[in-house]
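Have a look at run_7.txt below; it lists compact mmCIF, C-alpha atoms.
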```txt
# COMPACT_ATOMS: atom_id res chain seq x y z
CA MET A 3 -38.61 266.06 201.09
CA ALA A 4 -42.40 265.83 200.96
CA LEU A 5 -42.35 265.99 197.16
CA LEU A 6 -39.80 263.18 196.98
CA ALA A 7 -41.77 261.04 199.43
CA ALA A 8 -44.91 261.55 197.39
CA ALA A 9 -43.07 260.59 194.22
CA LEU A 10 -42.02 257.27 195.78
CA MET A 11 -45.56 256.11 196.60
CA PRO A 12 -46.56 253.14 194.41
CA ALA A 13 -49.41 254.08 192.14
CA ARG A 14 -52.16 251.95 190.64
CA ALA A 15 -51.49 248.77 188.70
CA ALA A 16 -49.32 248.85 185.58
CA PRO A 17 -50.99 250.34 182.51
CA GLU A 18 -52.57 248.42 179.64
CA ALA A 19 -51.95 244.71 179.30
CA ARG A 20 -48.79 244.60 177.21
CA LYS A 21 -45.23 243.51 177.79
CA TYR A 22 -42.71 246.27 178.48
CA ARG A 23 -39.02 246.05 177.69
CA LEU A 24 -36.57 247.74 180.06
CA GLY A 25 -32.84 248.18 179.41
CA PHE A 26 -30.18 248.18 182.15
CA LEU A 27 -26.85 249.76 181.14
CA ASP A 28 -23.84 250.28 183.37
CA ILE A 29 -20.10 249.94 183.93
CA GLY A 30 -19.47 246.75 185.88
CA ASP A 31 -21.88 243.83 186.07
CA ALA A 32 -25.29 242.81 187.35
CA ASP A 33 -23.98 242.47 190.92
CA THR A 34 -22.82 246.10 191.05
CA PHE A 35 -25.63 247.66 189.00
CA PHE A 36 -27.45 250.46 190.83
CA GLY A 37 -25.12 250.28 193.81
CA GLY A 38 -25.68 246.54 194.11
CA ALA A 39 -29.45 247.06 194.35
CA ARG A 40 -30.54 245.46 191.06
CA LYS A 41 -32.78 242.98 192.90
CA GLU A 42 -34.32 245.77 194.98
CA LEU A 43 -34.95 247.86 191.85
CA LEU A 44 -36.82 244.97 190.26
CA GLY A 45 -38.78 244.56 193.49
CA ALA A 46 -39.72 248.24 193.47
CA LEU A 47 -40.89 247.91 189.87
CA ALA A 48 -43.01 244.92 190.90
CA ASP A 49 -44.68 247.15 193.51
CA PHE A 50 -45.84 249.29 190.59
CA GLY A 51 -47.15 246.22 188.76
CA TYR A 52 -44.19 245.47 186.45
CA VAL A 53 -43.15 241.84 187.01
CA VAL A 54 -40.35 240.12 185.12
CA GLY A 55 -41.71 237.16 183.17
CA ARG A 56 -45.25 238.48 183.25
CA ASN A 57 -45.43 241.95 181.74
CA LEU A 58 -41.78 243.03 181.94
CA GLU A 59 -38.67 241.95 180.06
CA VAL A 60 -35.29 243.27 181.18
CA VAL A 61 -32.41 243.45 178.71
CA GLU A 62 -29.08 244.00 180.45
CA CYS A 63 -25.74 245.13 179.04
CA TYR A 64 -22.71 245.77 181.24
CA GLU A 65 -19.13 246.63 180.36
CA LYS A 66 -16.21 247.55 182.62
CA GLU A 67 -13.17 247.19 180.37
CA SER A 68 -13.74 249.25 177.25
CA PRO A 69 -15.53 252.56 176.61
CA GLU A 70 -16.11 251.48 173.01
CA LYS A 71 -17.96 248.38 174.20
CA LEU A 72 -19.93 250.45 176.70
CA PHE A 73 -21.16 252.63 173.83
CA GLU A 74 -21.93 249.44 171.89
CA CYS A 75 -24.14 248.41 174.81
CA GLY A 76 -26.07 251.65 174.46
CA ARG A 77 -26.54 251.12 170.73
CA LYS A 78 -27.65 247.52 171.33
CA LEU A 79 -30.40 248.58 173.74
CA ALA A 80 -31.55 251.35 171.41
CA ALA A 81 -31.66 248.96 168.44
CA LEU A 82 -33.81 246.55 170.45
CA GLY A 83 -36.33 249.33 170.93
CA VAL A 84 -36.53 249.13 174.72
CA ASP A 85 -39.19 251.33 176.28
CA VAL A 86 -36.87 252.88 178.90
CA ILE A 87 -33.12 252.63 179.61
CA VAL A 88 -31.96 252.69 183.26
CA THR A 89 -28.36 253.74 183.90
CA GLU A 90 -26.14 254.65 186.82
CA GLY A 91 -23.33 257.18 186.69
CA THR A 92 -21.98 259.55 184.08
CA PRO A 93 -20.16 257.13 181.68
CA SER A 94 -23.12 254.78 181.19
CA THR A 95 -25.54 257.70 180.83
CA LEU A 96 -23.28 259.21 178.17
CA ALA A 97 -23.31 255.87 176.36
CA ALA A 98 -27.12 255.74 176.48
CA ARG A 99 -27.54 259.33 175.31
CA ASN A 100 -25.07 258.75 172.50
CA ALA A 101 -27.27 255.87 171.31
CA THR A 102 -30.65 257.62 171.47
CA ARG A 103 -32.22 261.03 171.94
CA THR A 104 -35.77 259.62 171.90
CA ILE A 105 -35.90 256.60 174.24
CA PRO A 106 -36.39 257.83 177.84
CA ILE A 107 -33.37 257.37 180.11
CA VAL A 108 -33.64 257.14 183.90
CA THR A 109 -30.37 257.64 185.73
CA THR A 110 -28.80 258.31 189.09
CA VAL A 111 -25.88 260.64 188.48
CA GLY A 112 -23.70 263.18 190.26
CA ASP A 113 -24.43 266.41 188.39
CA PRO A 114 -26.76 266.04 185.39
CA VAL A 115 -26.53 269.72 184.47
CA ALA A 116 -22.71 269.83 184.45
CA ALA A 117 -22.67 266.60 182.45
CA GLY A 118 -24.99 268.12 179.86
CA PHE A 119 -27.80 265.67 180.55
CA ALA A 120 -30.28 268.33 181.69
CA ALA A 121 -30.93 271.99 181.02
CA SER A 122 -31.91 272.34 184.69
CA LEU A 123 -32.93 270.06 187.55
CA ARG A 124 -36.52 271.36 187.48
CA ARG A 125 -37.00 271.06 183.72
CA PRO A 126 -34.39 268.69 182.30
CA GLY A 127 -35.58 268.85 178.69
CA GLY A 128 -34.38 266.10 176.38
CA ASN A 129 -34.85 262.43 177.18
CA ILE A 130 -33.01 262.05 180.52
CA THR A 131 -34.30 262.38 184.09
CA GLY A 132 -33.77 260.67 187.45
CA LEU A 133 -31.95 261.28 190.71
CA THR A 134 -28.96 263.54 191.32
CA GLN A 135 -26.56 262.18 193.93
CA ASN A 136 -25.16 265.57 195.01
CA ARG A 137 -21.59 264.31 194.75
CA THR A 138 -20.07 267.55 196.04
CA GLU A 139 -21.89 267.13 199.36
CA ILE A 140 -20.80 263.48 199.46
CA ALA A 141 -17.17 264.50 198.88
CA ARG A 142 -17.41 267.05 201.71
CA LYS A 143 -18.70 264.36 204.08
CA GLN A 144 -15.96 261.94 203.00
CA LEU A 145 -13.23 264.54 203.45
CA GLU A 146 -14.59 265.55 206.86
CA LEU A 147 -14.30 261.94 208.07
CA LEU A 148 -10.86 261.56 206.49
CA ARG A 149 -9.59 264.65 208.33
CA ILE A 150 -10.81 263.21 211.63
CA MET A 151 -9.00 259.95 210.90
CA ARG A 152 -5.85 261.59 209.61
CA PRO A 153 -5.54 265.05 211.19
CA GLY A 154 -3.23 267.46 209.45
CA ILE A 155 -3.77 265.99 206.00
CA ALA A 156 -2.31 268.45 203.47
CA ALA A 157 -2.85 266.71 200.14
CA VAL A 158 -4.93 263.97 198.54
CA ALA A 159 -4.60 262.09 195.29
CA ILE A 160 -7.48 261.87 192.84
CA LEU A 161 -7.09 258.45 191.24
CA TRP A 162 -8.87 257.81 187.98
CA GLU A 163 -8.67 255.71 184.85
CA ARG A 164 -8.56 257.76 181.67
CA PRO A 165 -10.34 255.40 179.22
CA PHE A 166 -13.93 255.94 180.34
CA PRO A 167 -15.78 259.06 179.20
CA GLY A 168 -17.13 261.43 181.81
CA VAL A 169 -14.39 260.74 184.37
CA GLU A 170 -13.38 264.42 184.38
CA ILE A 171 -16.86 265.34 185.61
CA LEU A 172 -16.64 262.71 188.34
CA MET A 173 -13.38 264.22 189.64
CA LYS A 174 -14.77 267.71 190.20
CA PRO A 175 -16.68 267.13 193.49
CA ALA A 176 -13.62 265.75 195.28
CA MET A 177 -11.44 268.54 193.92
CA GLU A 178 -13.94 271.21 194.99
CA ALA A 179 -14.30 269.73 198.49
CA ALA A 180 -10.52 269.61 198.90
CA ARG A 181 -10.15 273.19 197.67
CA GLU A 182 -12.74 274.39 200.19
CA ALA A 183 -10.72 272.68 202.94
CA SER A 184 -7.42 274.14 201.66
CA ILE A 185 -6.12 270.67 200.83
CA ALA A 186 -3.99 270.21 197.72
CA THR A 187 -5.02 267.69 195.08
CA HIS A 188 -2.92 265.68 192.65
CA GLU A 189 -4.60 263.94 189.71
CA ILE A 190 -3.05 260.55 189.05
CA VAL A 191 -4.08 258.33 186.16
CA ARG A 192 -4.31 254.86 187.65
CA ASP A 193 -3.32 251.77 185.70
CA SER A 194 -5.41 248.92 187.10
CA ALA A 195 -2.79 246.48 185.85
CA ASP A 196 0.06 248.28 187.65
CA ILE A 197 -1.15 249.62 190.99
CA ALA A 198 2.43 249.45 192.31
CA ALA A 199 3.45 252.28 189.97
CA THR A 200 0.54 254.39 191.17
CA LEU A 201 1.40 253.83 194.83
CA GLU A 202 5.06 254.62 194.14
CA GLN A 203 4.06 257.89 192.50
CA MET A 204 2.01 258.76 195.60
CA ARG A 205 4.94 257.88 197.86
CA LYS A 206 7.20 260.25 195.97
CA LEU A 207 4.59 263.00 196.37
CA ARG A 208 4.29 262.18 200.10
CA ILE A 209 0.55 261.52 199.77
CA ASP A 210 -1.11 258.79 201.82
CA CYS A 211 -4.81 259.48 201.12
CA ALA A 212 -6.71 259.15 197.85
CA PHE A 213 -10.17 259.41 196.33
CA ALA A 214 -10.70 256.47 193.98
CA ILE A 215 -12.90 257.80 191.17
CA GLY A 216 -14.89 254.96 189.69
CA GLY A 217 -13.86 252.51 192.40
CA MET A 218 -10.94 250.06 192.70
CA GLU A 219 -10.52 246.31 192.48
CA ARG A 220 -9.76 244.16 195.55
CA PRO A 221 -6.06 243.50 194.65
CA ALA A 222 -5.45 247.24 194.24
CA LEU A 223 -7.20 248.01 197.53
CA GLU A 224 -5.16 245.36 199.34
CA ALA A 225 -1.96 246.78 197.87
CA ALA A 226 -2.96 250.28 199.02
CA VAL A 227 -3.45 249.06 202.60
CA LYS A 228 -0.01 247.43 202.56
CA ALA A 229 1.43 250.75 201.37
CA HIS A 230 -0.42 252.54 204.21
CA VAL A 231 -2.57 254.51 201.78
CA ALA A 232 -6.12 255.37 202.84
CA ILE A 233 -8.60 254.94 199.98
CA VAL A 234 -11.91 256.79 199.92
CA SER A 235 -14.12 254.91 197.48
CA VAL A 236 -17.48 255.28 195.79
CA GLY A 237 -19.52 252.61 197.57
CA HIS A 238 -19.76 250.06 200.35
CA GLU A 239 -18.71 247.21 198.04
CA GLU A 240 -15.17 248.62 197.81
CA VAL A 241 -15.07 249.25 201.57
CA GLU A 242 -15.92 245.58 202.15
CA GLN A 243 -12.94 244.76 199.92
CA GLY A 244 -10.45 247.02 201.70
CA ALA A 245 -11.13 250.72 201.08
CA LEU A 246 -11.15 252.80 204.26
CA LEU A 247 -14.51 254.52 203.85
CA ALA A 248 -17.29 255.53 201.53
CA VAL A 249 -20.29 257.82 201.72
CA GLU A 250 -23.05 257.10 199.20
CA PRO A 251 -26.71 257.88 198.61
CA ASP A 252 -29.14 255.56 200.36
CA GLY A 253 -29.81 252.93 197.70
CA SER A 254 -33.40 252.43 198.85
CA GLN A 255 -34.17 256.03 197.93
CA SER A 256 -32.46 255.67 194.55
CA TYR A 257 -34.18 252.50 193.37
CA ALA A 258 -37.57 253.56 194.73
CA TYR A 259 -37.44 256.86 192.84
CA ALA A 260 -36.09 255.15 189.71
CA ALA A 261 -39.01 252.70 189.75
CA SER A 262 -41.47 255.53 190.27
CA THR A 263 -40.00 257.43 187.32
CA VAL A 264 -40.04 254.36 185.05
CA ASP A 265 -43.73 253.92 185.92
CA LYS A 266 -44.51 257.52 184.94
CA LEU A 267 -42.66 257.14 181.65
CA LEU A 268 -44.40 253.90 180.75
CA ARG A 269 -47.68 255.69 181.37
CA GLY A 270 -46.74 258.31 178.80
CA ALA A 271 -44.97 261.08 180.76
CA THR A 272 -42.28 263.10 178.97
CA PRO A 273 -38.82 262.69 180.57
CA GLY A 274 -37.88 266.32 179.91
CA ASP A 275 -40.82 267.42 182.07
CA ILE A 276 -39.98 265.21 185.08
CA PRO A 277 -37.67 267.07 187.51
CA PHE A 278 -34.44 265.52 188.73
CA GLN A 279 -34.79 264.80 192.45
CA SER A 280 -31.86 265.27 194.83
CA ALA A 281 -30.74 262.49 197.15
CA THR A 282 -31.48 263.40 200.77
CA ARG A 283 -30.23 260.32 202.63
CA TYR A 284 -26.64 259.07 202.73
CA LEU A 285 -24.97 255.96 204.13
CA THR A 286 -21.44 255.89 205.57
CA THR A 287 -19.40 252.67 205.59
CA ILE A 288 -16.04 252.30 207.37
CA ASN A 289 -13.71 249.31 207.31
CA ALA A 290 -12.39 248.80 210.85
CA ARG A 291 -9.79 246.25 209.72
CA THR A 292 -8.38 248.68 207.17
CA ALA A 293 -8.38 251.48 209.75
CA ALA A 294 -6.39 249.31 212.17
CA ALA A 295 -3.89 248.36 209.45
CA LEU A 296 -3.42 252.08 208.71
CA GLY A 297 -2.92 252.91 212.37
CA ILE A 298 -6.23 254.77 212.62
CA ARG A 299 -8.23 254.48 215.83
CA LEU A 300 -11.97 254.38 215.30
CA THR A 301 -13.35 256.56 218.08
CA PRO A 302 -16.90 256.13 219.37
CA GLU A 303 -17.78 259.32 217.46
CA LEU A 304 -16.63 257.81 214.16
CA ARG A 305 -18.50 254.58 214.81
CA LEU A 306 -21.68 256.48 215.58
CA ARG A 307 -21.41 258.39 212.31
CA ALA A 308 -21.22 255.20 210.25
CA GLU A 309 -24.31 253.19 209.30
CA ARG A 310 -22.00 250.25 208.57
CA VAL A 311 -18.71 249.30 210.21
CA ILE A 312 -16.90 246.35 208.63
CA GLU A 313 -15.20 244.50 211.50
```

Turn this file's structure into structure tokens for me.
Amino acid sequence: MALLAAALMPARAAPEARKYRLGFLDIGDADTFFGGARKELLGALADFGYVVGRNLEVVECYEKESPEKLFECGRKLAALGVDVIVTEGTPSTLAARNATRTIPIVTTVGDPVAAGFAASLRRPGGNITGLTQNRTEIARKQLELLRIMRPGIAAVAILWERPFPGVEILMKPAMEAAREASIATHEIVRDSADIAATLEQMRKLRIDCAFAIGGMERPALEAAVKAHVAIVSVGHEEVEQGALLAVEPDGSQSYAYAASTVDKLLRGATPGDIPFQSATRYLTTINARTAAALGIRLTPELRLRAERVIE
């Protein structure tokens, strides 16, 4: 904890008077980049002396429909010769690494070692470093809350969309947490254009709880509520749109450490020598309206365990 706190302290002013070029790469769009904390990330960079329009240019490339286009985004940023690429999550980090093995990449990701991004957390090697989200611990916390809300749960669905690379790695934490709790899991490939078929498949399996890997769109979340299916999602944005709950790393810790790491790299540090730091703070969001629609009573205990309750 002390080491992480020290790493987040803004240092001296930005190095030599030149303009730096930073690349942002992610699935989704600018509003969802870095857990919706794009503005805060830029603010943290400004604390280190990197100000957009003065000595910092940000080139952004987002893609949520096609893995091929996501990889094109990575190649675009590499071709532009950005100084550092900032990513979030396994698919976008894969796209960045596929495009370059020399430009430093700063990411926040579930398990960088399992994904092949780092040789170890202490000495990553290669050109990727950042923050590990400890997704297995997050999945345990999510499942613990789900079991309080729906006692006796025997099985959960793991919903995912096949097209994006790295999804298999993202599924593992939820599957491991369920196995530890002796809860069966069923992998279901979700078609975003036909959520009704997915919900019908769950009904036939007698499953009314699911982990949505990679998130879900508002229409799909609304359909799930109508079908009395509890969705555990990846972030508070989906909970605001109808998912039951989410547990996620505290974004302030993520963007502060990312900015600190970018500063070190722009000063000449080697990414392979900068340890991955583990997230230590988590935020729980629960949608009270969704809970009521699902027949779940939010006890005082549950409310106290949530940093955010959507009324």

Between A:Gly168, A:Gly154, A:Gly83, A:Gly217, which residue has the minimum interatomic distance to Pro114 of chain A, considering only C-alpha atoms?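 Going through A:Gly168, A:Gly154, A:Gly83, A:Gly217 one by one, the smallest distance to Pro114 of chain A is for A:Gly168.
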
Just give me the gap between atom CA of Ala186 of chain A and atom CA of Val311 of chain A in Å, one decimal is fine. 28.5 Å

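Residue nearest Glu250 of chain A, chosen from A:Tyr22, A:Phe36, A:Tyr64, A:Phe119 and counting all atoms listed in the file: A:Phe36.
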
What separation in Å, quoted to one decimal, exists between atom CA of Asp28 of chain A and atom CA of Glu90 of chain A? 6.0 Å

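Counting only C-alpha atoms and comparing A:Glu178, A:Glu240, A:Glu65, A:Glu139, the residue that lies closest to Tyr284 of chain A is A:Glu139.
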
Rounded to one decimal place, report the atom CA of Asn129 of chain A-atom CA of Asp49 of chain A distance in Å.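 Separation between atom CA of Asn129 of chain A and atom CA of Asp49 of chain A: 24.4 Å.
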
Proximity to Thr92 of chain A - best of A:Gly25, A:Gly253, A:Gly38, A:Gly216, all atoms listed in the file: A:Gly216

List the spatial neighbours of Arg307 of chain A as JSON, numbers by chain - criterion: any atom at most 10 Å away, all atoms listed in the file, same-chain residues fewer than 4 positions off excluded. {"A": [147, 285, 286, 287, 288, 302, 303, 311]}

Expected file contents, prior selection, C-alpha atoms, as a tab-separated table (two decimals), in the frame of the given file:
```tsv
chain	number	residue	atom	x	y	z
A	147	LEU	CA	-14.30	261.94	208.07
A	285	LEU	CA	-24.97	255.96	204.13
A	286	THR	CA	-21.44	255.89	205.57
A	287	THR	CA	-19.40	252.67	205.59
A	288	ILE	CA	-16.04	252.30	207.37
A	302	PRO	CA	-16.90	256.13	219.37
A	303	GLU	CA	-17.78	259.32	217.46
A	311	VAL	CA	-18.71	249.30	210.21
```

Compile the contact shell of Cys211 of chain A as a list in words: residues with an atom at most 7 Å away, counting only C-alpha atoms, same-chain residues fewer than 5 positions apart removed.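 The residues that qualify are Val158, Ala159, Val231, Ala232 and Ile233 of chain A.
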
Using only C-alpha atoms, which of A:Ala261, A:Leu44, A:Glu146, A:Leu268 sits nearest Val234 of chain A? A:Glu146

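With distances restricted to all atoms listed in the file, A:Ala141 is the closest residue to Pro175 of chain A from A:Ala141, A:Ile197, A:Ile107, A:Ile155.
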
Contacts of Ser122 of chain A within 12 Å, all atoms listed in the file, excl. fewer than 5 positions in-chain, as a list of chain:residue names: A:Asp113, A:Pro114, A:Val115, A:Ala116, A:Ala117, A:Gly127, A:Gly128, A:Ile130, A:Thr131, A:Thr134, A:Gly274, A:Asp275, A:Ile276, A:Pro277, A:Phe278, A:Gln279
